[in-house]
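For reference, input27.cif is printed below; it contains mmCIF, C-alpha atoms.
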data_protein
loop_
_atom_site.group_PDB
_atom_site.id
_atom_site.type_symbol
_atom_site.label_atom_id
_atom_site.label_comp_id
_atom_site.auth_asym_id
_atom_site.auth_seq_id
_atom_site.Cartn_x
_atom_site.Cartn_y
_atom_site.Cartn_z
ATOM 1 C CA GLU D 1036 57.881 115.547 95.163
ATOM 2 C CA PHE D 1037 59.091 117.430 92.128
ATOM 3 C CA ALA D 1038 58.122 121.094 92.545
ATOM 4 C CA ALA D 1039 55.450 122.274 90.108
ATOM 5 C CA SER D 1040 57.569 125.285 89.179
ATOM 6 C CA HIS D 1041 60.629 123.255 88.155
ATOM 7 C CA ASN D 1042 61.714 121.513 84.981
ATOM 8 C CA GLY D 1043 64.033 118.528 84.905
ATOM 9 C CA LEU D 1044 66.544 117.295 82.361
ATOM 10 C CA GLY D 1045 68.240 113.946 82.822
ATOM 11 C CA LEU D 1046 71.383 113.076 80.889
ATOM 12 C CA GLU D 1047 72.384 109.475 80.401
ATOM 13 C CA ILE D 1048 74.517 107.496 77.951
ATOM 14 C CA ARG D 1049 72.546 104.235 77.990
ATOM 15 C CA GLU D 1050 69.442 104.099 75.766
ATOM 16 C CA PRO D 1051 67.444 101.541 77.825
ATOM 17 C CA ILE D 1052 67.711 103.715 80.931
ATOM 18 C CA ILE D 1053 66.645 106.814 78.982
ATOM 19 C CA LYS D 1054 63.640 104.994 77.536
ATOM 20 C CA ARG D 1055 62.549 103.718 80.938
ATOM 21 C CA ALA D 1056 63.030 107.101 82.648
ATOM 22 C CA ASN D 1057 60.929 108.874 79.997
ATOM 23 C CA GLU D 1058 58.237 106.200 80.403
ATOM 24 C CA TRP D 1059 58.228 106.887 84.160
ATOM 25 C CA ALA D 1060 57.850 110.616 83.479
ATOM 26 C CA VAL D 1061 54.791 109.884 81.301
ATOM 27 C CA HIS D 1062 53.340 107.517 83.904
ATOM 28 C CA LEU D 1063 53.755 110.164 86.625
ATOM 29 C CA GLY D 1064 52.346 112.929 84.441
ATOM 30 C CA LEU D 1065 55.650 114.823 84.462
ATOM 31 C CA ASN D 1066 56.551 114.444 80.791
ATOM 32 C CA SER D 1067 55.736 118.092 80.013
ATOM 33 C CA ARG D 1068 58.384 119.196 82.559
ATOM 34 C CA VAL D 1069 60.832 116.288 82.770
ATOM 35 C CA HIS D 1070 62.825 114.762 79.936
ATOM 36 C CA PHE D 1071 65.759 112.374 79.703
ATOM 37 C CA GLN D 1072 68.076 112.302 76.715
ATOM 38 C CA LYS D 1073 71.271 110.690 75.537
ATOM 39 C CA SER D 1074 74.289 112.833 76.190
ATOM 40 C CA ASN D 1075 77.818 112.709 77.472
ATOM 41 C CA ALA D 1076 77.641 115.453 80.086
ATOM 42 C CA THR D 1077 81.400 115.938 80.184
ATOM 43 C CA VAL D 1078 81.276 117.006 76.543
ATOM 44 C CA SER D 1079 77.966 118.801 76.145
ATOM 45 C CA ILE D 1080 76.737 120.179 79.487
ATOM 46 C CA GLU D 1081 77.932 123.747 79.005
ATOM 47 C CA SER D 1082 76.469 124.147 75.519
ATOM 48 C CA MET D 1083 73.177 122.560 76.593
ATOM 49 C CA LEU D 1084 72.715 124.637 79.729
ATOM 50 C CA SER D 1085 74.068 127.948 78.427
ATOM 51 C CA THR D 1086 70.922 128.356 76.287
ATOM 52 C CA TYR D 1087 68.476 127.275 79.001
ATOM 53 C CA PRO D 1088 65.981 130.130 79.432
ATOM 54 C CA GLY D 1089 65.906 130.093 83.233
ATOM 55 C CA PRO D 1090 68.224 129.685 86.180
ATOM 56 C CA VAL D 1091 69.763 126.258 86.718
ATOM 57 C CA GLU D 1092 69.031 125.661 90.389
ATOM 58 C CA LEU D 1093 69.995 122.043 91.007
ATOM 59 C CA VAL D 1094 72.402 119.604 89.401
ATOM 60 C CA THR D 1095 72.547 116.013 90.610
ATOM 61 C CA ILE D 1096 75.262 113.526 89.804
ATOM 62 C CA GLN D 1097 74.145 110.201 91.152
ATOM 63 C CA PHE D 1098 76.096 106.965 91.307
ATOM 64 C CA PRO D 1099 78.429 107.506 88.349
ATOM 65 C CA ASP D 1100 80.562 104.643 87.073
ATOM 66 C CA PRO D 1101 83.448 104.484 89.576
ATOM 67 C CA HIS D 1102 86.168 103.489 87.071
ATOM 68 C CA PHE D 1103 88.306 101.870 89.755
ATOM 69 C CA LYS D 1104 91.436 101.299 87.666
ATOM 70 C CA LYS D 1105 93.836 104.228 87.829
ATOM 71 C CA ARG D 1106 94.244 104.361 84.041
ATOM 72 C CA HIS D 1107 90.450 104.625 83.614
ATOM 73 C CA GLN D 1108 89.822 107.337 86.219
ATOM 74 C CA LYS D 1109 90.146 109.957 83.483
ATOM 75 C CA ARG D 1110 86.749 108.633 82.307
ATOM 76 C CA ARG D 1111 84.980 109.630 85.516
ATOM 77 C CA ILE D 1112 82.215 112.129 84.833
ATOM 78 C CA VAL D 1113 83.295 114.656 87.468
ATOM 79 C CA GLN D 1114 86.379 116.255 85.970
ATOM 80 C CA GLU D 1115 87.785 119.789 86.034
ATOM 81 C CA GLY D 1116 86.030 120.822 82.809
ATOM 82 C CA LEU D 1117 82.586 119.648 83.954
ATOM 83 C CA VAL D 1118 82.905 121.440 87.293
ATOM 84 C CA ARG D 1119 84.037 124.669 85.636
ATOM 85 C CA ASP D 1120 81.211 124.442 83.063
ATOM 86 C CA LEU D 1121 78.637 123.967 85.822
ATOM 87 C CA ALA D 1122 80.091 126.858 87.823
ATOM 88 C CA GLY D 1123 79.455 129.042 84.785
ATOM 89 C CA VAL D 1124 75.787 128.120 84.305
ATOM 90 C CA VAL D 1125 74.363 127.325 87.739
ATOM 91 C CA GLY D 1126 72.594 130.366 89.152
ATOM 92 C CA VAL D 1127 73.216 132.132 92.439
ATOM 93 C CA GLY D 1128 72.072 129.865 95.252
ATOM 94 C CA GLY D 1129 72.211 126.849 92.950
ATOM 95 C CA ARG D 1130 73.010 123.492 94.468
ATOM 96 C CA VAL D 1131 74.824 120.354 93.447
ATOM 97 C CA LEU D 1132 73.949 116.944 94.864
ATOM 98 C CA LEU D 1133 76.686 114.320 94.567
ATOM 99 C CA GLN D 1134 75.945 110.697 95.426
ATOM 100 C CA SER D 1135 77.974 107.520 95.208
ATOM 101 C CA ASP D 1136 77.985 104.201 96.986
ATOM 102 C CA VAL D 1137 81.787 104.167 96.690
ATOM 103 C CA LEU D 1138 83.444 106.345 99.332
ATOM 104 C CA ALA D 1139 86.545 107.085 97.226
ATOM 105 C CA VAL D 1140 84.366 108.266 94.322
ATOM 106 C CA ALA D 1141 82.208 110.466 96.579
ATOM 107 C CA GLU D 1142 85.320 112.049 98.067
ATOM 108 C CA ASP D 1143 86.867 112.539 94.631
ATOM 109 C CA MET D 1144 83.724 114.276 93.329
ATOM 110 C CA ARG D 1145 83.569 116.508 96.408
ATOM 111 C CA ASP D 1146 87.253 117.376 96.119
ATOM 112 C CA LYS D 1147 86.916 118.314 92.443
ATOM 113 C CA PHE D 1148 83.942 120.612 93.133
ATOM 114 C CA GLU D 1149 85.914 122.280 95.913
ATOM 115 C CA GLN D 1150 89.079 122.556 93.802
ATOM 116 C CA TYR D 1151 87.620 123.679 90.461
ATOM 117 C CA GLY D 1152 84.329 125.337 91.451
ATOM 118 C CA ASP D 1153 85.927 128.785 91.857
ATOM 119 C CA GLY D 1154 84.500 129.044 95.379
ATOM 120 C CA LYS D 1155 80.932 128.764 94.102
ATOM 121 C CA TRP D 1156 80.006 125.779 96.270
ATOM 122 C CA VAL D 1157 80.641 124.767 99.845
ATOM 123 C CA VAL D 1158 79.754 121.534 101.575
ATOM 124 C CA GLY D 1159 76.330 121.995 103.183
ATOM 125 C CA SER D 1160 76.412 122.482 106.945
ATOM 126 C CA ALA D 1161 74.384 119.302 107.395
ATOM 127 C CA HIS D 1162 77.400 117.455 105.985
ATOM 128 C CA ASP D 1163 80.204 119.079 107.979
ATOM 129 C CA ASN D 1164 80.565 115.931 110.064
ATOM 130 C CA VAL D 1165 81.822 113.153 107.801
ATOM 131 C CA GLU D 1166 80.040 110.581 109.976
ATOM 132 C CA GLY D 1167 76.756 112.254 108.989
ATOM 133 C CA VAL D 1168 77.517 111.818 105.306
ATOM 134 C CA PHE D 1169 79.178 108.437 105.003
ATOM 135 C CA PHE D 1170 77.783 105.366 106.660
ATOM 136 C CA GLU D 1171 79.656 102.170 107.317
ATOM 137 C CA GLU D 1172 78.325 98.803 108.333
ATOM 138 C CA SER D 1173 77.882 98.635 112.103
ATOM 139 C CA GLU D 1174 79.862 96.086 114.111
ATOM 140 C CA GLU D 1175 76.568 94.459 115.091
ATOM 141 C CA ALA D 1176 75.469 93.998 111.463
ATOM 142 C CA SER D 1177 78.922 92.721 110.552
ATOM 143 C CA GLU D 1178 78.802 90.146 113.365
ATOM 144 C CA GLU D 1179 75.325 89.012 112.304
ATOM 145 C CA ALA D 1180 76.480 88.538 108.719
ATOM 146 C CA SER D 1181 79.470 86.460 109.806
ATOM 147 C CA GLU D 1182 77.219 84.187 111.903
ATOM 148 C CA GLU D 1183 75.066 83.286 108.881
#

In structure tokens, write the structure found in this file.
Amino acid sequence: EFAASHNGLGLEIREPIIKRANEWAVHLGLNSRVHFQKSNATVSIESMLSTYPGPVELVTIQFPDPHFKKRHQKRRIVQEGLVRDLAGVVGVGGRVLLQSDVLAVAEDMRDKFEQYGDGKWVVGSAHDNVEGVFFEESEEASEEASEE
């Protein structure tokens, strides 16, 4: 449940997703506190958040385009500049949630926050054990799939 004392801003580059997300906010009665807009976060996050009138407490980066090809990895959203910009605007005690269904992308995002976050963030203690963070298909499920 979205806390009654929080506001939410979603940034996305695809118009149909923005339209649908804003429709969901209306349907859920959250449109006075939640808004989605078109933006390239790697370019505009610092200028957008530097004028926000309250503390930025949570940033989520969920399932970004993995850009598998080496020559396209420079297009990944989590880059040095984004991490440094967020470190400058996220308040004390602020958190960052990183999610990907591609292990290499999740590790790359984590590594960049550790490398460029100026010591602002640490991996949460619940995630110290990599097996608690990343899940792989069990041998049993793999065997069942091969039998089908």

Show which residues sit within 7 Å of segment 1071-1083 of chain D, as a PDB file with C-alpha atoms, in the frame of the given file. Count all atoms listed in the file, and ignore same-chain residues fewer than 4 positions away.
ATOM      1  CA  LEU D1044      66.544 117.295  82.361  1.00  0.00           C
ATOM      2  CA  GLY D1045      68.240 113.946  82.822  1.00  0.00           C
ATOM      3  CA  LEU D1046      71.383 113.076  80.889  1.00  0.00           C
ATOM      4  CA  GLU D1047      72.384 109.475  80.401  1.00  0.00           C
ATOM      5  CA  ILE D1048      74.517 107.496  77.951  1.00  0.00           C
ATOM      6  CA  GLU D1050      69.442 104.099  75.766  1.00  0.00           C
ATOM      7  CA  ILE D1053      66.645 106.814  78.982  1.00  0.00           C
ATOM      8  CA  ALA D1056      63.030 107.101  82.648  1.00  0.00           C
ATOM      9  CA  ASN D1057      60.929 108.874  79.997  1.00  0.00           C
ATOM     10  CA  ILE D1112      82.215 112.129  84.833  1.00  0.00           C
ATOM     11  CA  LEU D1117      82.586 119.648  83.954  1.00  0.00           C
ATOM     12  CA  ASP D1120      81.211 124.442  83.063  1.00  0.00           C
ATOM     13  CA  LEU D1121      78.637 123.967  85.822  1.00  0.00           C
TER      14      LEU D1121
END

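Closest approach to Glu1058 of chain D among D:Arg1119, D:His1070, D:Phe1098, D:His1041: D:His1070, based on all atoms listed in the file.
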
query = Between D:Ala1060, D:Pro1099, D:Ala1039, D:Lys1054, which has the minimum distance to Val1137 of chain D (counting all atoms listed in the file)?
reply =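 Under the stated criterion, the closest residue is D:Pro1099.
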
request  = Return the single residue from D:Val1124, D:Val1131, D:Phe1103, D:Asp1143 that is closest to Val1158 of chain D, with distances computed using all atoms listed in the file.
outcome  =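 Comparing D:Val1124, D:Val1131, D:Phe1103, D:Asp1143 against Val1158 of chain D, the winner is D:Val1131.
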
Expand the PyMOL selection byres ((chain D and resi 1100) around 12) into the explicit residue set it covers here, and present it as a CSV table (one decimal) with C-alpha atoms, in the coordinates of the input.
chain,number,residue,atom,x,y,z
D,1047,GLU,CA,72.4,109.5,80.4
D,1048,ILE,CA,74.5,107.5,78.0
D,1096,ILE,CA,75.3,113.5,89.8
D,1097,GLN,CA,74.1,110.2,91.2
D,1098,PHE,CA,76.1,107.0,91.3
D,1099,PRO,CA,78.4,107.5,88.3
D,1101,PRO,CA,83.4,104.5,89.6
D,1102,HIS,CA,86.2,103.5,87.1
D,1103,PHE,CA,88.3,101.9,89.8
D,1104,LYS,CA,91.4,101.3,87.7
D,1107,HIS,CA,90.4,104.6,83.6
D,1108,GLN,CA,89.8,107.3,86.2
D,1109,LYS,CA,90.1,110.0,83.5
D,1110,ARG,CA,86.7,108.6,82.3
D,1111,ARG,CA,85.0,109.6,85.5
D,1112,ILE,CA,82.2,112.1,84.8
D,1113,VAL,CA,83.3,114.7,87.5
D,1134,GLN,CA,75.9,110.7,95.4
D,1135,SER,CA,78.0,107.5,95.2
D,1136,ASP,CA,78.0,104.2,97.0
D,1137,VAL,CA,81.8,104.2,96.7
D,1140,VAL,CA,84.4,108.3,94.3
D,1141,ALA,CA,82.2,110.5,96.6
D,1144,MET,CA,83.7,114.3,93.3

Edge lengths and centre in Å, axis-aligned, segment 1131-1143 of chain D plus 5 Å each side, as JSON:
{"center_x": 80.4, "center_y": 112.3, "center_z": 96.4, "size_x": 22.9, "size_y": 26.2, "size_z": 15.9}

So that I can check the surroundings of Gly1123 of chain D, please list as a PDB file with C-alpha atoms, in the frame of the given file every protein, DNA and RNA residue that reaches within 10 Å of it, counting only C-alpha atoms and ignoring chain neighbours fewer than 5 positions away.
ATOM      1  CA  GLU D1081      77.932 123.747  79.005  1.00  0.00           C
ATOM      2  CA  LEU D1084      72.715 124.637  79.729  1.00  0.00           C
ATOM      3  CA  SER D1085      74.068 127.948  78.427  1.00  0.00           C
ATOM      4  CA  LEU D1117      82.586 119.648  83.954  1.00  0.00           C
ATOM      5  CA  VAL D1118      82.905 121.440  87.293  1.00  0.00           C
ATOM      6  CA  GLY D1152      84.329 125.337  91.451  1.00  0.00           C
ATOM      7  CA  ASP D1153      85.927 128.785  91.857  1.00  0.00           C
ATOM      8  CA  LYS D1155      80.932 128.764  94.102  1.00  0.00           C
TER       9      LYS D1155
END

key: Gap from atom CA of Gly1126 of chain D to atom CA of Ala1139 of chain D - Å, one decimal   =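 Those two atoms sit 28.3 Å apart.
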
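A straight line drawn from atom CA of Arg1145 of chain D to atom CA of Val1094 of chain D is 13.5 Å long.
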
query = For Leu1133 of chain D, which residue among D:Ser1040, D:Thr1095, D:Pro1090, D:Phe1148 is the nearest when counting only C-alpha atoms?
reply = D:Thr1095

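Picture a line from atom CA of Gly1154 of chain D to atom CA of Pro1088 of chain D; it runs 24.5 Å.
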
ask   = Quick one: of D:Ile1052, D:Val1069, D:Ala1122, D:Val1091, who's nearest to Glu1149 of chain D, counting only C-alpha atoms?
value = D:Ala1122

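Nearest residue to Tyr1087 of chain D among D:Tyr1151, D:Gly1043, D:Asp1146, D:Leu1132 is D:Gly1043, counting all atoms listed in the file.
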
For the structure just given, write the atoms of segment 1089-1121 of chain D, namely N, CA, C and O atoms, as a PDB file, in the first residue's frame.
ATOM      1  N   GLY D1089      10.331  18.419  -0.900  1.00  0.00           N
ATOM      2  CA  GLY D1089      10.483  17.561   0.279  1.00  0.00           C
ATOM      3  C   GLY D1089      11.616  16.593   0.082  1.00  0.00           C
ATOM      4  O   GLY D1089      12.273  16.584  -0.964  1.00  0.00           O
ATOM      5  N   PRO D1090      11.871  15.764   1.081  1.00  0.00           N
ATOM      6  CA  PRO D1090      12.959  14.791   0.926  1.00  0.00           C
ATOM      7  C   PRO D1090      12.564  13.688  -0.068  1.00  0.00           C
ATOM      8  O   PRO D1090      11.413  13.261  -0.105  1.00  0.00           O
ATOM      9  N   VAL D1091      13.518  13.273  -0.877  1.00  0.00           N
ATOM     10  CA  VAL D1091      13.315  12.120  -1.747  1.00  0.00           C
ATOM     11  C   VAL D1091      13.727  10.918  -0.907  1.00  0.00           C
ATOM     12  O   VAL D1091      14.887  10.792  -0.508  1.00  0.00           O
ATOM     13  N   GLU D1092      12.767  10.049  -0.614  1.00  0.00           N
ATOM     14  CA  GLU D1092      13.012   8.946   0.302  1.00  0.00           C
ATOM     15  C   GLU D1092      13.227   7.607  -0.382  1.00  0.00           C
ATOM     16  O   GLU D1092      13.857   6.721   0.179  1.00  0.00           O
ATOM     17  N   LEU D1093      12.681   7.436  -1.579  1.00  0.00           N
ATOM     18  CA  LEU D1093      12.782   6.147  -2.251  1.00  0.00           C
ATOM     19  C   LEU D1093      12.850   6.362  -3.757  1.00  0.00           C
ATOM     20  O   LEU D1093      12.046   7.098  -4.326  1.00  0.00           O
ATOM     21  N   VAL D1094      13.808   5.709  -4.371  1.00  0.00           N
ATOM     22  CA  VAL D1094      13.939   5.684  -5.824  1.00  0.00           C
ATOM     23  C   VAL D1094      13.891   4.214  -6.224  1.00  0.00           C
ATOM     24  O   VAL D1094      14.575   3.381  -5.621  1.00  0.00           O
ATOM     25  N   THR D1095      13.083   3.884  -7.209  1.00  0.00           N
ATOM     26  CA  THR D1095      13.052   2.514  -7.706  1.00  0.00           C
ATOM     27  C   THR D1095      13.424   2.515  -9.179  1.00  0.00           C
ATOM     28  O   THR D1095      12.978   3.369  -9.942  1.00  0.00           O
ATOM     29  N   ILE D1096      14.245   1.582  -9.540  1.00  0.00           N
ATOM     30  CA  ILE D1096      14.605   1.366 -10.943  1.00  0.00           C
ATOM     31  C   ILE D1096      14.268  -0.090 -11.200  1.00  0.00           C
ATOM     32  O   ILE D1096      14.933  -0.993 -10.700  1.00  0.00           O
ATOM     33  N   GLN D1097      13.205  -0.298 -11.953  1.00  0.00           N
ATOM     34  CA  GLN D1097      12.657  -1.634 -12.095  1.00  0.00           C
ATOM     35  C   GLN D1097      12.685  -2.108 -13.536  1.00  0.00           C
ATOM     36  O   GLN D1097      12.103  -1.482 -14.420  1.00  0.00           O
ATOM     37  N   PHE D1098      13.358  -3.205 -13.748  1.00  0.00           N
ATOM     38  CA  PHE D1098      13.400  -3.925 -15.011  1.00  0.00           C
ATOM     39  C   PHE D1098      13.749  -3.037 -16.204  1.00  0.00           C
ATOM     40  O   PHE D1098      13.015  -2.985 -17.192  1.00  0.00           O
ATOM     41  N   PRO D1099      14.874  -2.325 -16.109  1.00  0.00           N
ATOM     42  CA  PRO D1099      15.282  -1.489 -17.250  1.00  0.00           C
ATOM     43  C   PRO D1099      15.694  -2.355 -18.440  1.00  0.00           C
ATOM     44  O   PRO D1099      16.043  -3.527 -18.279  1.00  0.00           O
ATOM     45  N   ASP D1100      15.653  -1.755 -19.613  1.00  0.00           N
ATOM     46  CA  ASP D1100      16.094  -2.446 -20.827  1.00  0.00           C
ATOM     47  C   ASP D1100      17.520  -2.937 -20.601  1.00  0.00           C
ATOM     48  O   ASP D1100      18.401  -2.152 -20.254  1.00  0.00           O
ATOM     49  N   PRO D1101      17.782  -4.228 -20.788  1.00  0.00           N
ATOM     50  CA  PRO D1101      19.112  -4.767 -20.476  1.00  0.00           C
ATOM     51  C   PRO D1101      20.218  -4.399 -21.460  1.00  0.00           C
ATOM     52  O   PRO D1101      21.387  -4.464 -21.108  1.00  0.00           O
ATOM     53  N   HIS D1102      19.890  -4.005 -22.673  1.00  0.00           N
ATOM     54  CA  HIS D1102      20.907  -3.666 -23.675  1.00  0.00           C
ATOM     55  C   HIS D1102      22.063  -4.668 -23.606  1.00  0.00           C
ATOM     56  O   HIS D1102      23.155  -4.365 -23.152  1.00  0.00           O
ATOM     57  N   PHE D1103      21.803  -5.872 -24.090  1.00  0.00           N
ATOM     58  CA  PHE D1103      22.766  -6.959 -23.984  1.00  0.00           C
ATOM     59  C   PHE D1103      24.061  -6.728 -24.770  1.00  0.00           C
ATOM     60  O   PHE D1103      25.129  -7.089 -24.314  1.00  0.00           O
ATOM     61  N   LYS D1104      23.953  -6.142 -25.950  1.00  0.00           N
ATOM     62  CA  LYS D1104      25.150  -5.961 -26.779  1.00  0.00           C
ATOM     63  C   LYS D1104      26.105  -4.984 -26.121  1.00  0.00           C
ATOM     64  O   LYS D1104      25.697  -3.925 -25.641  1.00  0.00           O
ATOM     65  N   LYS D1105      27.368  -5.322 -26.115  1.00  0.00           N
ATOM     66  CA  LYS D1105      28.391  -4.505 -25.461  1.00  0.00           C
ATOM     67  C   LYS D1105      28.350  -3.056 -25.945  1.00  0.00           C
ATOM     68  O   LYS D1105      28.429  -2.133 -25.147  1.00  0.00           O
ATOM     69  N   ARG D1106      28.190  -2.854 -27.249  1.00  0.00           N
ATOM     70  CA  ARG D1106      28.219  -1.495 -27.794  1.00  0.00           C
ATOM     71  C   ARG D1106      26.985  -0.675 -27.391  1.00  0.00           C
ATOM     72  O   ARG D1106      26.978   0.536 -27.506  1.00  0.00           O
ATOM     73  N   HIS D1107      25.934  -1.353 -26.905  1.00  0.00           N
ATOM     74  CA  HIS D1107      24.720  -0.652 -26.493  1.00  0.00           C
ATOM     75  C   HIS D1107      24.620  -0.474 -24.978  1.00  0.00           C
ATOM     76  O   HIS D1107      23.711   0.204 -24.500  1.00  0.00           O
ATOM     77  N   GLN D1108      25.548  -1.046 -24.219  1.00  0.00           N
ATOM     78  CA  GLN D1108      25.463  -0.965 -22.766  1.00  0.00           C
ATOM     79  C   GLN D1108      25.588   0.464 -22.251  1.00  0.00           C
ATOM     80  O   GLN D1108      25.127   0.772 -21.160  1.00  0.00           O
ATOM     81  N   LYS D1109      26.147   1.344 -23.053  1.00  0.00           N
ATOM     82  CA  LYS D1109      26.218   2.761 -22.665  1.00  0.00           C
ATOM     83  C   LYS D1109      24.823   3.379 -22.594  1.00  0.00           C
ATOM     84  O   LYS D1109      24.640   4.464 -22.043  1.00  0.00           O
ATOM     85  N   ARG D1110      23.819   2.691 -23.128  1.00  0.00           N
ATOM     86  CA  ARG D1110      22.433   3.176 -23.089  1.00  0.00           C
ATOM     87  C   ARG D1110      21.690   2.734 -21.833  1.00  0.00           C
ATOM     88  O   ARG D1110      20.549   3.147 -21.621  1.00  0.00           O
ATOM     89  N   ARG D1111      22.296   1.878 -21.036  1.00  0.00           N
ATOM     90  CA  ARG D1111      21.633   1.439 -19.809  1.00  0.00           C
ATOM     91  C   ARG D1111      21.348   2.645 -18.929  1.00  0.00           C
ATOM     92  O   ARG D1111      22.134   3.585 -18.850  1.00  0.00           O
ATOM     93  N   ILE D1112      20.224   2.615 -18.242  1.00  0.00           N
ATOM     94  CA  ILE D1112      19.803   3.764 -17.441  1.00  0.00           C
ATOM     95  C   ILE D1112      20.728   4.014 -16.252  1.00  0.00           C
ATOM     96  O   ILE D1112      20.994   5.149 -15.893  1.00  0.00           O
ATOM     97  N   VAL D1113      21.213   2.960 -15.611  1.00  0.00           N
ATOM     98  CA  VAL D1113      22.073   3.158 -14.445  1.00  0.00           C
ATOM     99  C   VAL D1113      23.506   3.359 -14.931  1.00  0.00           C
ATOM    100  O   VAL D1113      24.180   2.421 -15.325  1.00  0.00           O
ATOM    101  N   GLN D1114      23.904   4.619 -14.924  1.00  0.00           N
ATOM    102  CA  GLN D1114      25.240   5.033 -15.323  1.00  0.00           C
ATOM    103  C   GLN D1114      25.817   5.906 -14.210  1.00  0.00           C
ATOM    104  O   GLN D1114      25.090   6.342 -13.305  1.00  0.00           O
ATOM    105  N   GLU D1115      27.081   6.218 -14.290  1.00  0.00           N
ATOM    106  CA  GLU D1115      27.748   7.029 -13.275  1.00  0.00           C
ATOM    107  C   GLU D1115      26.987   8.330 -12.992  1.00  0.00           C
ATOM    108  O   GLU D1115      26.748   8.689 -11.833  1.00  0.00           O
ATOM    109  N   GLY D1116      26.618   9.058 -14.030  1.00  0.00           N
ATOM    110  CA  GLY D1116      25.961  10.350 -13.846  1.00  0.00           C
ATOM    111  C   GLY D1116      24.641  10.237 -13.097  1.00  0.00           C
ATOM    112  O   GLY D1116      24.348  11.042 -12.209  1.00  0.00           O
ATOM    113  N   LEU D1117      23.826   9.233 -13.434  1.00  0.00           N
ATOM    114  CA  LEU D1117      22.548   9.046 -12.749  1.00  0.00           C
ATOM    115  C   LEU D1117      22.769   8.747 -11.270  1.00  0.00           C
ATOM    116  O   LEU D1117      22.110   9.326 -10.398  1.00  0.00           O
ATOM    117  N   VAL D1118      23.708   7.868 -10.976  1.00  0.00           N
ATOM    118  CA  VAL D1118      23.975   7.506  -9.578  1.00  0.00           C
ATOM    119  C   VAL D1118      24.451   8.726  -8.799  1.00  0.00           C
ATOM    120  O   VAL D1118      23.986   8.995  -7.683  1.00  0.00           O
ATOM    121  N   ARG D1119      25.351   9.485  -9.373  1.00  0.00           N
ATOM    122  CA  ARG D1119      25.855  10.687  -8.685  1.00  0.00           C
ATOM    123  C   ARG D1119      24.742  11.723  -8.492  1.00  0.00           C
ATOM    124  O   ARG D1119      24.649  12.367  -7.443  1.00  0.00           O
ATOM    125  N   ASP D1120      23.880  11.893  -9.506  1.00  0.00           N
ATOM    126  CA  ASP D1120      22.751  12.819  -9.375  1.00  0.00           C
ATOM    127  C   ASP D1120      21.820  12.383  -8.250  1.00  0.00           C
ATOM    128  O   ASP D1120      21.384  13.199  -7.435  1.00  0.00           O
ATOM    129  N   LEU D1121      21.517  11.101  -8.182  1.00  0.00           N
ATOM    130  CA  LEU D1121      20.636  10.602  -7.123  1.00  0.00           C
ATOM    131  C   LEU D1121      21.281  10.757  -5.754  1.00  0.00           C
ATOM    132  O   LEU D1121      20.606  11.108  -4.781  1.00  0.00           O
TER     133      LEU D1121
END
